Structure formats: structure tokens, C-alpha cells
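Dumped coords23.pdb below, it's PDB, C-alpha atoms:
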MODEL        1
ATOM      1  CA  MET A  25       0.000   0.000   0.000
ATOM      2  CA  GLU A  26       1.312   3.441  -0.857
ATOM      3  CA  LYS A  27       2.056   5.904   1.902
ATOM      4  CA  ASN A  28       0.590   9.362   1.983
ATOM      5  CA  SER A  29       2.914  12.195   2.855
ATOM      6  CA  LYS A  30       2.199  13.943   6.134
ATOM      7  CA  LYS A  31       3.789  17.155   4.894
ATOM      8  CA  CYS A  32       1.077  19.527   3.763
ATOM      9  CA  SER A  33       1.199  23.088   2.485
ATOM     10  CA  SER A  34      -0.980  25.916   3.648
ATOM     11  CA  SER A  35      -3.329  25.684   0.673
ATOM     12  CA  SER A  36      -4.445  22.853  -1.530
ATOM     13  CA  PRO A  37      -3.829  23.139  -5.288
ATOM     14  CA  THR A  38      -7.066  21.286  -5.927
ATOM     15  CA  ARG A  39      -9.322  23.150  -3.576
ATOM     16  CA  GLY A  40     -12.329  24.535  -5.325
ATOM     17  CA  GLY A  41     -12.458  27.653  -3.201
ATOM     18  CA  GLY A  42     -15.759  26.828  -1.527
ATOM     19  CA  GLY A  43     -17.194  24.098   0.661
ATOM     20  CA  GLY A  44     -16.510  20.404   0.636
ATOM     21  CA  GLY A  45     -19.083  19.756  -2.066
ATOM     22  CA  GLU A  46     -17.451  22.185  -4.470
ATOM     23  CA  SER A  47     -14.016  20.717  -3.781
ATOM     24  CA  GLU A  48     -15.317  17.207  -4.366
ATOM     25  CA  MET A  49     -16.874  18.277  -7.665
ATOM     26  CA  PHE A  50     -13.522  19.784  -8.715
ATOM     27  CA  HIS A  51     -11.766  16.459  -8.117
ATOM     28  CA  MET A  52     -14.405  14.566 -10.079
ATOM     29  CA  ILE A  53     -14.294  16.920 -13.066
ATOM     30  CA  HIS A  54     -10.505  17.070 -13.339
ATOM     31  CA  LYS A  55      -9.876  13.495 -12.130
ATOM     32  CA  VAL A  56      -7.236  14.566  -9.634
ATOM     33  CA  PRO A  57      -6.812  13.082  -6.142
ATOM     34  CA  SER A  58      -7.677  15.115  -3.083
ATOM     35  CA  GLY A  59      -5.160  16.304  -0.513
ATOM     36  CA  ASP A  60      -2.200  18.653  -0.211
ATOM     37  CA  GLY A  61       0.815  16.346  -0.584
ATOM     38  CA  PRO A  62       3.417  16.506  -3.359
ATOM     39  CA  TYR A  63       1.770  13.718  -5.370
ATOM     40  CA  VAL A  64      -1.514  15.646  -5.462
ATOM     41  CA  ARG A  65       0.377  18.781  -6.508
ATOM     42  CA  ALA A  66       2.099  16.806  -9.255
ATOM     43  CA  LYS A  67      -1.223  15.547 -10.634
ATOM     44  CA  HIS A  68      -2.665  19.053 -10.426
ATOM     45  CA  ALA A  69       0.281  20.416 -12.438
ATOM     46  CA  GLN A  70      -0.033  17.585 -14.959
ATOM     47  CA  ILE A  71      -3.802  17.522 -15.476
ATOM     48  CA  VAL A  72      -5.153  20.923 -14.504
ATOM     49  CA  GLU A  73      -2.286  23.323 -15.180
ATOM     50  CA  LYS A  74      -0.967  21.311 -18.177
ATOM     51  CA  ASP A  75       2.580  21.993 -16.960
ATOM     52  CA  PRO A  76       4.512  18.718 -17.363
ATOM     53  CA  GLU A  77       7.856  20.173 -16.257
ATOM     54  CA  ALA A  78       6.355  21.343 -12.980
ATOM     55  CA  ALA A  79       4.613  17.988 -12.604
ATOM     56  CA  ILE A  80       7.946  16.167 -12.863
ATOM     57  CA  VAL A  81       9.413  18.358 -10.119
ATOM     58  CA  TRP A  82       6.496  17.501  -7.825
ATOM     59  CA  PHE A  83       6.639  13.807  -8.738
ATOM     60  CA  TRP A  84      10.282  13.764  -7.650
ATOM     61  CA  LYS A  85       9.301  15.430  -4.381
ATOM     62  CA  ALA A  86       6.579  12.829  -3.881
ATOM     63  CA  ILE A  87       9.032   9.970  -4.442
ATOM     64  CA  ASN A  88      11.550  11.465  -2.023
ATOM     65  CA  ALA A  89       8.826  12.083   0.564
ATOM     66  CA  GLY A  90       7.417   8.548   0.253
ATOM     67  CA  ASP A  91       4.087   9.947  -0.945
ATOM     68  CA  ARG A  92       2.262   7.386  -3.151
ATOM     69  CA  VAL A  93       5.584   6.254  -4.606
ATOM     70  CA  ASP A  94       4.038   3.534  -6.788
ATOM     71  CA  SER A  95       1.882   6.012  -8.692
ATOM     72  CA  ALA A  96       4.386   8.878  -8.565
ATOM     73  CA  LEU A  97       7.170   6.910 -10.255
ATOM     74  CA  LYS A  98       4.935   5.454 -12.951
ATOM     75  CA  ASP A  99       3.170   8.757 -13.694
ATOM     76  CA  MET A 100       6.470  10.661 -13.773
ATOM     77  CA  ALA A 101       7.926   8.209 -16.291
ATOM     78  CA  VAL A 102       4.867   8.634 -18.520
ATOM     79  CA  VAL A 103       5.185  12.434 -18.414
ATOM     80  CA  MET A 104       8.921  12.201 -19.160
ATOM     81  CA  LYS A 105       8.149  10.034 -22.185
ATOM     82  CA  GLN A 106       5.744  12.700 -23.460
ATOM     83  CA  LEU A 107       8.582  15.242 -23.182
ATOM     84  CA  ASP A 108      11.052  12.960 -25.018
ATOM     85  CA  ARG A 109      13.045  12.480 -21.809
ATOM     86  CA  THR A 110      12.854   8.744 -22.358
ATOM     87  CA  GLU A 111      16.341   7.758 -21.208
ATOM     88  CA  GLU A 112      15.861   9.743 -18.018
ATOM     89  CA  ALA A 113      12.565   7.945 -17.414
ATOM     90  CA  VAL A 114      14.239   4.550 -17.855
ATOM     91  CA  GLU A 115      16.929   5.387 -15.306
ATOM     92  CA  ALA A 116      14.336   6.734 -12.868
ATOM     93  CA  ILE A 117      12.358   3.480 -12.936
ATOM     94  CA  LYS A 118      15.487   1.344 -12.625
ATOM     95  CA  SER A 119      16.768   3.415  -9.704
ATOM     96  CA  PHE A 120      13.560   3.731  -7.682
ATOM     97  CA  ARG A 121      11.411   0.695  -8.461
ATOM     98  CA  GLY A 122      12.901  -0.932  -5.375
ATOM     99  CA  CYS A 123      10.980   1.630  -3.320
ATOM    100  CA  CYS A 124       7.683   0.471  -4.844
ATOM    101  CA  SER A 125       5.382  -2.328  -3.755
ATOM    102  CA  LYS A 126       5.382  -5.791  -5.302
ATOM    103  CA  GLN A 127       1.969  -5.076  -6.825
ATOM    104  CA  ALA A 128       3.415  -2.094  -8.746
ATOM    105  CA  GLN A 129       6.192  -4.034 -10.477
ATOM    106  CA  GLU A 130       4.069  -5.352 -13.334
ATOM    107  CA  SER A 131       2.780  -1.916 -14.334
ATOM    108  CA  LEU A 132       6.325  -0.507 -14.063
ATOM    109  CA  ASP A 133       7.516  -3.264 -16.409
ATOM    110  CA  ASN A 134       4.835  -2.257 -18.914
ATOM    111  CA  VAL A 135       5.952   1.384 -18.785
ATOM    112  CA  LEU A 136       9.583   0.303 -19.126
ATOM    113  CA  ILE A 137       8.788  -1.782 -22.216
ATOM    114  CA  ASP A 138       7.161   1.264 -23.856
ATOM    115  CA  LEU A 139      10.199   3.374 -22.962
ATOM    116  CA  TYR A 140      12.626   0.827 -24.390
ATOM    117  CA  LYS A 141      10.564   0.722 -27.575
ATOM    118  CA  LYS A 142      10.575   4.492 -27.969
ATOM    119  CA  CYS A 143      14.316   4.943 -27.420
ATOM    120  CA  GLY A 144      15.325   1.972 -29.550
ATOM    121  CA  ARG A 145      16.719  -0.252 -26.789
ATOM    122  CA  VAL A 146      15.378  -3.374 -28.487
ATOM    123  CA  ASP A 147      17.603  -5.941 -26.761
ATOM    124  CA  GLU A 148      16.443  -4.769 -23.334
ATOM    125  CA  GLN A 149      12.848  -4.729 -24.562
ATOM    126  CA  ILE A 150      13.168  -8.347 -25.721
ATOM    127  CA  GLU A 151      14.708  -9.460 -22.435
ATOM    128  CA  LEU A 152      11.974  -7.825 -20.378
ATOM    129  CA  LEU A 153       9.235  -9.324 -22.568
ATOM    130  CA  ARG A 154      10.785 -12.767 -22.137
ATOM    131  CA  GLN A 155      10.927 -12.190 -18.410
ATOM    132  CA  LYS A 156       7.225 -11.390 -18.355
ATOM    133  CA  LEU A 157       6.518 -14.608 -20.271
ATOM    134  CA  ARG A 158       8.551 -16.572 -17.727
ATOM    135  CA  LEU A 159       6.452 -15.089 -14.921
ATOM    136  CA  ILE A 160       3.317 -16.282 -16.706
ATOM    137  CA  TYR A 161       4.716 -19.774 -17.058
ATOM    138  CA  GLN A 162       5.581 -19.775 -13.363
ATOM    139  CA  GLY A 163       2.036 -18.756 -12.515
ATOM    140  CA  GLU A 164       3.254 -15.506 -10.923
ATOM    141  CA  ALA A 165       1.521 -13.093 -13.311
ATOM    142  CA  PHE A 166      -1.641 -11.375 -12.055
ATOM    143  CA  ASN A 167      -0.639 -12.515  -8.542
ATOM    144  CA  GLY A 168      -1.696 -16.037  -9.503
ATOM    145  CA  LYS A 169      -5.195 -15.002 -10.609
ATOM    146  CA  PRO A 170      -6.677 -15.868 -14.034
ATOM    147  CA  THR A 171      -7.641 -12.248 -14.766
ATOM    148  CA  LYS A 172      -6.683  -8.737 -13.779
ATOM    149  CA  THR A 173      -8.384  -5.345 -13.957
ATOM    150  CA  ALA A 174      -6.769  -3.002 -16.462
ATOM    151  CA  ARG A 175      -7.474   0.613 -17.290
ATOM    152  CA  SER A 176      -7.387   2.407 -20.620
ATOM    153  CA  HIS A 177      -8.553   5.956 -21.300
ATOM    154  CA  GLY A 178     -10.196   6.068 -17.892
ATOM    155  CA  LYS A 179     -12.199   2.871 -18.410
ATOM    156  CA  LYS A 180     -11.697  -0.362 -16.480
ATOM    157  CA  PHE A 181     -11.865  -3.790 -18.103
ATOM    158  CA  GLN A 182     -10.842  -7.370 -17.394
ATOM    159  CA  VAL A 183      -7.792  -8.934 -19.043
ATOM    160  CA  SER A 184      -7.268 -12.705 -18.999
ATOM    161  CA  VAL A 185      -3.916 -14.488 -18.807
ATOM    162  CA  LYS A 186      -4.631 -15.738 -22.320
ATOM    163  CA  GLN A 187      -5.045 -12.209 -23.658
ATOM    164  CA  GLU A 188      -1.992 -10.938 -21.792
ATOM    165  CA  THR A 189       0.180 -13.772 -23.096
ATOM    166  CA  SER A 190      -0.867 -13.076 -26.673
ATOM    167  CA  ARG A 191      -0.262  -9.344 -26.198
ATOM    168  CA  ILE A 192       3.263  -9.920 -24.852
ATOM    169  CA  LEU A 193       4.059 -12.342 -27.673
ATOM    170  CA  GLY A 194       2.824  -9.754 -30.173
ATOM    171  CA  ASN A 195       5.165  -7.149 -28.689
ATOM    172  CA  LEU A 196       8.010  -9.661 -28.707
ATOM    173  CA  GLY A 197       7.362 -10.432 -32.370
ATOM    174  CA  TRP A 198       7.493  -6.742 -33.235
ATOM    175  CA  ALA A 199      10.772  -6.367 -31.320
ATOM    176  CA  TYR A 200      12.303  -9.259 -33.270
ATOM    177  CA  MET A 201      11.193  -7.543 -36.479
ATOM    178  CA  GLN A 202      13.140  -4.432 -35.464
ATOM    179  CA  LYS A 203      16.183  -6.693 -35.181
ATOM    180  CA  THR A 204      15.354  -8.046 -38.687
ATOM    181  CA  ASN A 205      15.092 -11.508 -37.137
ATOM    182  CA  TYR A 206      12.008 -12.405 -39.145
ATOM    183  CA  MET A 207      12.249 -16.128 -38.449
ATOM    184  CA  ALA A 208      11.991 -15.550 -34.708
ATOM    185  CA  ALA A 209       9.236 -13.000 -35.242
ATOM    186  CA  GLU A 210       7.273 -15.468 -37.357
ATOM    187  CA  VAL A 211       7.329 -18.212 -34.719
ATOM    188  CA  VAL A 212       6.342 -15.783 -31.962
ATOM    189  CA  TYR A 213       3.453 -14.360 -34.007
ATOM    190  CA  ARG A 214       2.212 -17.848 -34.862
ATOM    191  CA  LYS A 215       2.207 -18.785 -31.182
ATOM    192  CA  ALA A 216       0.353 -15.553 -30.335
ATOM    193  CA  GLN A 217      -2.248 -16.322 -32.992
ATOM    194  CA  MET A 218      -2.757 -19.812 -31.550
ATOM    195  CA  ILE A 219      -3.551 -18.312 -28.150
ATOM    196  CA  ASP A 220      -5.640 -15.230 -28.969
ATOM    197  CA  PRO A 221      -5.749 -14.366 -32.696
ATOM    198  CA  ASP A 222      -6.448 -10.935 -34.102
ATOM    199  CA  ALA A 223      -6.138  -9.088 -37.398
ATOM    200  CA  ASN A 224      -3.234  -6.851 -36.359
ATOM    201  CA  LYS A 225      -0.960  -9.766 -35.467
ATOM    202  CA  ALA A 226      -2.066 -11.542 -38.660
ATOM    203  CA  CYS A 227      -0.869  -8.547 -40.693
ATOM    204  CA  ASN A 228       2.447  -8.593 -38.838
ATOM    205  CA  LEU A 229       2.783 -12.316 -39.521
ATOM    206  CA  GLY A 230       2.119 -11.602 -43.193
ATOM    207  CA  LEU A 231       4.876  -8.993 -43.163
ATOM    208  CA  CYS A 232       7.289 -11.493 -41.573
ATOM    209  CA  LEU A 233       6.571 -13.955 -44.359
ATOM    210  CA  ILE A 234       7.022 -11.254 -47.022
ATOM    211  CA  LYS A 235      10.420 -10.372 -45.556
ATOM    212  CA  GLN A 236      11.381 -14.042 -45.895
ATOM    213  CA  ALA A 237      10.184 -14.090 -49.536
ATOM    214  CA  ARG A 238       7.458 -16.595 -48.656
ATOM    215  CA  CYS A 239       4.978 -14.710 -50.757
ATOM    216  CA  GLU A 240       2.305 -17.355 -51.217
ATOM    217  CA  GLU A 241       2.054 -18.019 -47.462
ATOM    218  CA  ALA A 242       1.871 -14.269 -46.848
ATOM    219  CA  ARG A 243      -0.896 -13.881 -49.418
ATOM    220  CA  ILE A 244      -3.027 -16.545 -47.712
ATOM    221  CA  VAL A 245      -2.662 -14.904 -44.290
ATOM    222  CA  LEU A 246      -3.465 -11.421 -45.605
ATOM    223  CA  GLU A 247      -6.463 -12.610 -47.615
ATOM    224  CA  ASP A 248      -7.786 -14.233 -44.439
ATOM    225  CA  VAL A 249      -7.723 -10.760 -42.865
ATOM    226  CA  LEU A 250      -9.709  -9.298 -45.745
ATOM    227  CA  GLN A 251     -12.186 -12.176 -45.498
ATOM    228  CA  GLY A 252     -12.820 -11.364 -41.827
ATOM    229  CA  LYS A 253     -11.425 -14.583 -40.373
ATOM    230  CA  PHE A 254      -9.817 -12.890 -37.345
ATOM    231  CA  PRO A 255     -11.203 -10.702 -34.554
ATOM    232  CA  GLY A 256     -10.608  -7.077 -35.426
ATOM    233  CA  CYS A 257     -10.894  -7.585 -39.182
ATOM    234  CA  GLU A 258     -13.796  -5.144 -39.193
ATOM    235  CA  ASN A 259     -11.343  -2.438 -38.177
ATOM    236  CA  ALA A 260     -10.606  -0.326 -41.251
ATOM    237  CA  LYS A 261      -7.008   0.159 -40.156
ATOM    238  CA  SER A 262      -6.308  -3.595 -40.240
ATOM    239  CA  SER A 263      -8.075  -4.201 -43.568
ATOM    240  CA  ASN A 264      -6.334  -1.222 -45.173
ATOM    241  CA  ARG A 265      -2.982  -2.480 -43.975
ATOM    242  CA  ALA A 266      -3.674  -5.971 -45.337
ATOM    243  CA  GLU A 267      -4.572  -4.451 -48.723
ATOM    244  CA  GLU A 268      -1.362  -2.378 -48.740
ATOM    245  CA  LEU A 269       0.754  -5.432 -47.921
ATOM    246  CA  LEU A 270      -0.928  -7.416 -50.697
ATOM    247  CA  LEU A 271      -0.164  -4.629 -53.174
ATOM    248  CA  ASP A 272       3.433  -4.631 -51.997
ATOM    249  CA  LEU A 273       3.478  -8.393 -52.440
ATOM    250  CA  GLN A 274       2.887  -8.352 -56.206
ATOM    251  CA  PRO A 275       6.256  -6.931 -57.320
ATOM    252  CA  ARG A 276       8.041  -8.982 -54.644
ATOM    253  CA  GLN A 277       6.640 -12.219 -56.096
ATOM    254  CA  ARG A 278       8.396 -11.475 -59.381
ATOM    255  CA  GLN A 279      11.655 -10.783 -57.499
ATOM    256  CA  ALA A 280      11.332 -13.673 -55.036
ATOM    257  CA  PRO A 281      14.475 -15.643 -56.027
ATOM    258  CA  HIS A 282      16.713 -12.562 -55.658
ATOM    259  CA  VAL A 283      15.145 -11.560 -52.337
ATOM    260  CA  LEU A 284      15.478 -15.086 -50.984
ATOM    261  CA  SER A 285      19.165 -15.078 -51.866
ATOM    262  CA  ASN A 286      19.663 -11.877 -49.893
ATOM    263  CA  LEU A 287      17.757 -13.267 -46.949
ATOM    264  CA  MET A 288      19.905 -16.393 -46.922
ATOM    265  CA  GLY A 289      22.921 -14.106 -46.706
ATOM    266  CA  LEU A 290      21.642 -12.666 -43.442
ATOM    267  CA  ASN A 291      22.406 -15.996 -41.721
ATOM    268  CA  LEU A 292      19.632 -15.671 -39.154
ATOM    269  CA  GLY A 293      19.192 -19.387 -38.617
ATOM    270  CA  ASP A 294      21.815 -20.110 -35.958
ATOM    271  CA  GLU A 295      20.980 -17.003 -33.935
ATOM    272  CA  PHE A 296      17.296 -17.844 -33.987
ATOM    273  CA  ILE A 297      17.685 -21.545 -33.129
ATOM    274  CA  ASN A 298      20.092 -20.810 -30.259
ATOM    275  CA  GLY A 299      17.708 -18.234 -28.812
ATOM    276  CA  LEU A 300      14.814 -20.636 -29.214
ATOM    277  CA  ASP A 301      16.732 -23.409 -27.450
ATOM    278  CA  GLN A 302      17.524 -21.139 -24.512
ATOM    279  CA  LEU A 303      13.920 -19.991 -24.208
ATOM    280  CA  GLU A 304      12.661 -23.563 -24.518
ATOM    281  CA  GLY A 305      15.078 -24.707 -21.808
ATOM    282  CA  LYS A 306      13.908 -22.040 -19.386
ATOM    283  CA  TRP A 307      10.244 -22.774 -20.070
ATOM    284  CA  ALA A 308      10.714 -26.548 -19.925
ATOM    285  CA  SER A 309      11.993 -26.405 -16.345
ATOM    286  CA  LEU A 310       8.852 -24.485 -15.345
ATOM    287  CA  ARG A 311       6.269 -26.766 -16.967
ATOM    288  CA  PRO A 312       4.976 -28.391 -13.767
ATOM    289  CA  ARG A 313       3.895 -24.956 -12.541
ATOM    290  CA  ARG A 314       2.373 -23.675 -15.791
ATOM    291  CA  LEU A 315      -1.099 -22.256 -15.861
ATOM    292  CA  PRO A 316      -3.757 -24.382 -17.633
ATOM    293  CA  ILE A 317      -3.607 -22.297 -20.812
ATOM    294  CA  PHE A 318      -0.140 -23.572 -21.584
ATOM    295  CA  GLU A 319      -1.237 -27.186 -21.402
ATOM    296  CA  GLU A 320      -3.041 -26.459 -24.681
ATOM    297  CA  ILE A 321       0.197 -25.537 -26.427
ATOM    298  CA  SER A 322       2.463 -28.291 -27.760
ATOM    299  CA  ASN A 323       6.241 -28.252 -27.772
ATOM    300  CA  PHE A 324       7.614 -25.009 -29.202
ATOM    301  CA  LYS A 325      10.023 -26.736 -31.558
ATOM    302  CA  ASP A 326       7.358 -29.110 -32.827
ATOM    303  CA  GLN A 327       5.295 -26.083 -33.841
ATOM    304  CA  LEU A 328       8.277 -24.606 -35.674
ATOM    305  CA  ALA A 329       8.717 -27.833 -37.630
ATOM    306  CA  CYS A 330       5.053 -27.884 -38.738
TER     307      CYS A 330
ENDMDL
END
Using the file provided, produce a representation of the structure as C-alpha cells.
Amino acid sequence: MEKNSKKCSSSSPTRGGGGGGESEMFHMIHKVPSGDGPYVRAKHAQIVEKDPEAAIVWFWKAINAGDRVDSALKDMAVVMKQLDRTEEAVEAIKSFRGCCSKQAQESLDNVLIDLYKKCGRVDEQIELLRQKLRLIYQGEAFNGKPTKTARSHGKKFQVSVKQETSRILGNLGWAYMQKTNYMAAEVVYRKAQMIDPDANKACNLGLCLIKQARCEEARIVLEDVLQGKFPGCENAKSSNRAEELLLDLQPRQRQAPHVLSNLMGLNLGDEFINGLDQLEGKWASLRPRRLPIFEEISNFKDQLAC
């Protein structure tokens, strides 16, 4: 549980100027917490005053004062990202996450993954995503529960372990694509689609296959998107992307032998297989403690061979 600072100023930044009812209405309208501590002042600067630099100063004061440290660190990192102070945000989380509760670590990991992605630290992003997958296999994600409550744009919703696993695999696939390791990305996207398929990951899988000059396989996947065979196909963004990839596919099909030759020159095979072996070895030792969802998934290498 986060601690509230006992240090208060003479006037509250969120006080409405009238009675308790007016103050309460102010908090509801602006979605800021009540009180006079540094964390409240930080949120007031961020949300009401629209002054992110001042908000960061108050977030630091909140962290140093032990005032709602879990929220202060996460919110400060998000504001820093908005100001393109991404590297600073990464170091802040790494330095102070030890002051946060165990319950806050998962959300801090999610912020850190976004930060790594923005500043191009792909290797660290991949390692953290793998770590999150290991926690799922150990049954430690969601504090051992099958679902968790998430929040997006102010709305709460339930996320299952199945959905979270597919989401992490999707992010991992995209990270491998940034490393141009399309073989690894393909396997990860296929596993994600087995667990919780959607049109966006299908498009990414199609792109992986295009990059490997496997044009016919890519065409089948992308046409499945246009035929509405995946959740999210009704989204215009996904269908438009599938159409664009199919258009890009036509000239590539005529150049396939040349492209394949170049891909063979990248020599991705050994790197991919070694990484797969290491991941398989770590997961294999955790199988007795896996959640039920993973009992539905056959051996990782067997899937690659299919």
C-alpha cells in the first residue's frame, strides 16, 4: 500500500475555493486526487495546469517524501516520455522501483517496455518481454489469478492471462522484427495467434513472411484478414494495412528468387535456433507450474517444424 505524505502546504492546489461539495466536484471533473501532498500537486500540475515540467518536479518530491511512490514513479515516467526524456525515465524506474510495492512491479515493467521501444533499446525490450513470459509460465503473473483489472482511457476492463500472453508475444514479435530476425518474429506471431488471434498480429505475420520471400504463405494470411477470419478484421485500419501489404506483395513475387538469396545471406538461422533453445530450456523447467492455458500448447520446436 502506498504511503501518503504527512507534509502539507498551507493551501491545496485542488481546492475549489468553496465548501466540501465544491471541492469534491472539482476532483471529479478534473480526475485529480484530493489532498495537499506533493503527489496531489504533481497531478494538479499535470492535469489541470498542463505543466509537465512542474509535474515532474512535484513527482520527484513525492518519491523522495514517500508519498504514493508507486503512482508517482509510474506517472512521472509517462510524463517524461511525453517530453522525449525517455532515457531519463528509464533510469528513474530502474533506480527507484525498489521503493515500490510488489503489486506495482508489473505496471512498471509495462511502462519500461514502452520506454525501451521508444528509445530503440530493443535488446532490453526483448529481455523484459521474455521475463514477463517466464512469470506467466511460473504462474506468478496477475498474482496467480486468471484475470486482472486493467485501465485504458479512464475505463476499467478485465484482461485474462490468455489475452496478456498473446499481447506480450505480439510485442516480442514486433521487437524481433526491429532486429530483422524475421524467423523468430514469425514463430512468436504464430504462437500468439494460436492463443488469442487478431487481425493486427495476422498482418504482422504476413509482413514477416514477405520479408522471408514466402509470398504465397503471406498472401493466404493477408487474404484471411480481408475475409474477416480474425477478430478485429472489421477495423478499417487492419483491412487497409492488409490491402497495402498485398499490393506490396505483387512486385516482390516477381523478385522472389533474388530476395530469398539476400535473406539467406543474413544468416539468421543459428541465432534464432540458439535463442529458441535457450527460451525452450527455461520454459521446460517451469512446466509443472504452468497455468492451464499452456497445457493447450504443444512443444515449441514441434510447432516450428510444422
Subject >> Using all atoms listed in the file: which of A:Lys225, A:Arg65, A:Val103, A:Lys126 has the shortest distance to A:Lys85 >> reply: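 The answer is A:Arg65, which sits nearest to A:Lys85.
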Original post:
Using the chain letters and numbers from the file, which residues does the PyMOL selection byres ((chain A and resi 252-254) around 8) grab, as a PyMOL selection string?
Top reply: chain A and resi 221-223+226+248-251+255-258
Stretch 174-204 of chain A near stretch 141-146 of chain A within 9 Å: what's each residue's closest atom pair and its distance in Å to one decimal, counting all atoms listed in the file, ordered by chain then ascending residue number, as JSON lines?
{"residue": "A:Ala199", "atom": "CA", "partner": "A:Val146", "partner_atom": "CA", "distance": 6.2}
{"residue": "A:Tyr200", "atom": "CA", "partner": "A:Val146", "partner_atom": "CA", "distance": 8.2}
{"residue": "A:Gln202", "atom": "CA", "partner": "A:Val146", "partner_atom": "CA", "distance": 7.4}
{"residue": "A:Lys203", "atom": "CA", "partner": "A:Val146", "partner_atom": "CA", "distance": 7.5}
Subject >> Between atom CA of A:Leu152 and atom CA of A:Asn195, distance in Å (one decimal) >> reply: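 Atom CA of A:Asn195 lies at a distance of 10.8 Å from atom CA of A:Leu152.
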**OP:** Using atom CA of A:Ile80 and atom CA of A:Phe120 as the two end points, give the distance in Å to one decimal.
**Re:**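 Rounded to one decimal, the two atoms are 14.6 Å apart.
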Original post:
For the atom pair atom CA of A:Trp82 and atom CA of A:Gly61, what is the interatomic distance in Å to one decimal place?
Top reply: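 Interatomic distance here is 9.3 Å.
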Would you kindly translate the PyMOL selection byres ((chain A and resi 134) around 12) into the concrete residues it picks from this file, as an mmCIF file with C-alpha atoms, keeping the file's coordinate frame?
data_model
loop_
_atom_site.group_PDB
_atom_site.id
_atom_site.type_symbol
_atom_site.label_atom_id
_atom_site.label_comp_id
_atom_site.auth_asym_id
_atom_site.auth_seq_id
_atom_site.Cartn_x
_atom_site.Cartn_y
_atom_site.Cartn_z
ATOM 1 C CA LYS A 98 4.935 5.454 -12.951
ATOM 2 C CA ALA A 101 7.926 8.209 -16.291
ATOM 3 C CA VAL A 102 4.867 8.634 -18.520
ATOM 4 C CA VAL A 114 14.239 4.550 -17.855
ATOM 5 C CA ILE A 117 12.358 3.480 -12.936
ATOM 6 C CA ALA A 128 3.415 -2.094 -8.746
ATOM 7 C CA GLN A 129 6.192 -4.034 -10.477
ATOM 8 C CA GLU A 130 4.069 -5.352 -13.334
ATOM 9 C CA SER A 131 2.780 -1.916 -14.334
ATOM 10 C CA LEU A 132 6.325 -0.507 -14.063
ATOM 11 C CA ASP A 133 7.516 -3.264 -16.409
ATOM 12 C CA VAL A 135 5.952 1.384 -18.785
ATOM 13 C CA LEU A 136 9.583 0.303 -19.126
ATOM 14 C CA ILE A 137 8.788 -1.782 -22.216
ATOM 15 C CA ASP A 138 7.161 1.264 -23.856
ATOM 16 C CA LEU A 139 10.199 3.374 -22.962
ATOM 17 C CA TYR A 140 12.626 0.827 -24.390
ATOM 18 C CA LYS A 141 10.564 0.722 -27.575
ATOM 19 C CA GLN A 149 12.848 -4.729 -24.562
ATOM 20 C CA LEU A 152 11.974 -7.825 -20.378
ATOM 21 C CA LEU A 153 9.235 -9.324 -22.568
ATOM 22 C CA GLN A 155 10.927 -12.190 -18.410
ATOM 23 C CA LYS A 156 7.225 -11.390 -18.355
ATOM 24 C CA ALA A 174 -6.769 -3.002 -16.462
ATOM 25 C CA GLU A 188 -1.992 -10.938 -21.792
ATOM 26 C CA ARG A 191 -0.262 -9.344 -26.198
ATOM 27 C CA ILE A 192 3.263 -9.920 -24.852
ATOM 28 C CA ASN A 195 5.165 -7.149 -28.689
#
**OP:** Given the file shown, enumerate the residues that the PyMOL selection byres ((chain A and resi 270) around 12) captures and present them as a PyMOL selection string.
**Re:** chain A and resi 227+230-231+233-234+239-250+263-269+271-277
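The point (3.6, -10.4, -26.8) has these residues within 9 Å of it, counting all atoms listed in the file: Leu153, Arg154, Leu157, Glu188, Thr189, Ser190, Arg191, Ile192, Leu193, Gly194, Asn195, Leu196, Gly197, Trp198, Val212, Tyr213 and Ala216 of chain A.
Within 9 Å of the file-frame point (2.6, 15.3, -16.0), and using only C-alpha atoms, the polymer residues found are Ala66, Lys67, His68, Ala69, Gln70, Ile71, Lys74, Asp75, Pro76, Glu77, Ala78, Ala79, Ile80, Phe83, Asp99, Met100, Ala101, Val102, Val103, Met104 and Gln106 of chain A.
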Can I get N, CA, C and O atoms for stretch 163-172 of chain A, as a PDB file, in the first residue's frame?
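The resulting selection.pdb:
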ATOM      1  N   GLY A 163       3.284 -19.005 -13.212  1.00  0.00           N
ATOM      2  CA  GLY A 163       2.036 -18.756 -12.515  1.00  0.00           C
ATOM      3  C   GLY A 163       2.085 -17.547 -11.603  1.00  0.00           C
ATOM      4  O   GLY A 163       1.242 -17.387 -10.722  1.00  0.00           O
ATOM      5  N   GLU A 164       3.084 -16.671 -11.801  1.00  0.00           N
ATOM      6  CA  GLU A 164       3.254 -15.506 -10.923  1.00  0.00           C
ATOM      7  C   GLU A 164       2.619 -14.240 -11.486  1.00  0.00           C
ATOM      8  O   GLU A 164       2.537 -13.228 -10.786  1.00  0.00           O
ATOM      9  N   ALA A 165       2.187 -14.267 -12.738  1.00  0.00           N
ATOM     10  CA  ALA A 165       1.521 -13.093 -13.311  1.00  0.00           C
ATOM     11  C   ALA A 165       0.137 -12.925 -12.694  1.00  0.00           C
ATOM     12  O   ALA A 165      -0.504 -13.898 -12.291  1.00  0.00           O
ATOM     13  N   PHE A 166      -0.325 -11.696 -12.613  1.00  0.00           N
ATOM     14  CA  PHE A 166      -1.641 -11.375 -12.055  1.00  0.00           C
ATOM     15  C   PHE A 166      -1.759 -11.863 -10.611  1.00  0.00           C
ATOM     16  O   PHE A 166      -2.857 -12.151 -10.133  1.00  0.00           O
ATOM     17  N   ASN A 167      -0.625 -12.003  -9.922  1.00  0.00           N
ATOM     18  CA  ASN A 167      -0.639 -12.515  -8.542  1.00  0.00           C
ATOM     19  C   ASN A 167      -1.322 -13.877  -8.449  1.00  0.00           C
ATOM     20  O   ASN A 167      -1.988 -14.204  -7.465  1.00  0.00           O
ATOM     21  N   GLY A 168      -1.145 -14.688  -9.503  1.00  0.00           N
ATOM     22  CA  GLY A 168      -1.696 -16.037  -9.503  1.00  0.00           C
ATOM     23  C   GLY A 168      -3.153 -16.128  -9.905  1.00  0.00           C
ATOM     24  O   GLY A 168      -3.723 -17.222  -9.936  1.00  0.00           O
ATOM     25  N   LYS A 169      -3.776 -15.004 -10.234  1.00  0.00           N
ATOM     26  CA  LYS A 169      -5.195 -15.002 -10.609  1.00  0.00           C
ATOM     27  C   LYS A 169      -5.349 -15.153 -12.122  1.00  0.00           C
ATOM     28  O   LYS A 169      -4.446 -14.793 -12.882  1.00  0.00           O
ATOM     29  N   PRO A 170      -6.488 -15.665 -12.590  1.00  0.00           N
ATOM     30  CA  PRO A 170      -6.677 -15.868 -14.034  1.00  0.00           C
ATOM     31  C   PRO A 170      -6.948 -14.582 -14.802  1.00  0.00           C
ATOM     32  O   PRO A 170      -6.801 -14.540 -16.014  1.00  0.00           O
ATOM     33  N   THR A 171      -7.368 -13.532 -14.111  1.00  0.00           N
ATOM     34  CA  THR A 171      -7.641 -12.248 -14.766  1.00  0.00           C
ATOM     35  C   THR A 171      -7.118 -11.100 -13.906  1.00  0.00           C
ATOM     36  O   THR A 171      -6.820 -11.277 -12.727  1.00  0.00           O
ATOM     37  N   LYS A 172      -7.017  -9.947 -14.526  1.00  0.00           N
ATOM     38  CA  LYS A 172      -6.683  -8.737 -13.779  1.00  0.00           C
ATOM     39  C   LYS A 172      -7.528  -7.594 -14.321  1.00  0.00           C
ATOM     40  O   LYS A 172      -8.031  -7.644 -15.452  1.00  0.00           O
TER      41      LYS A 172
END
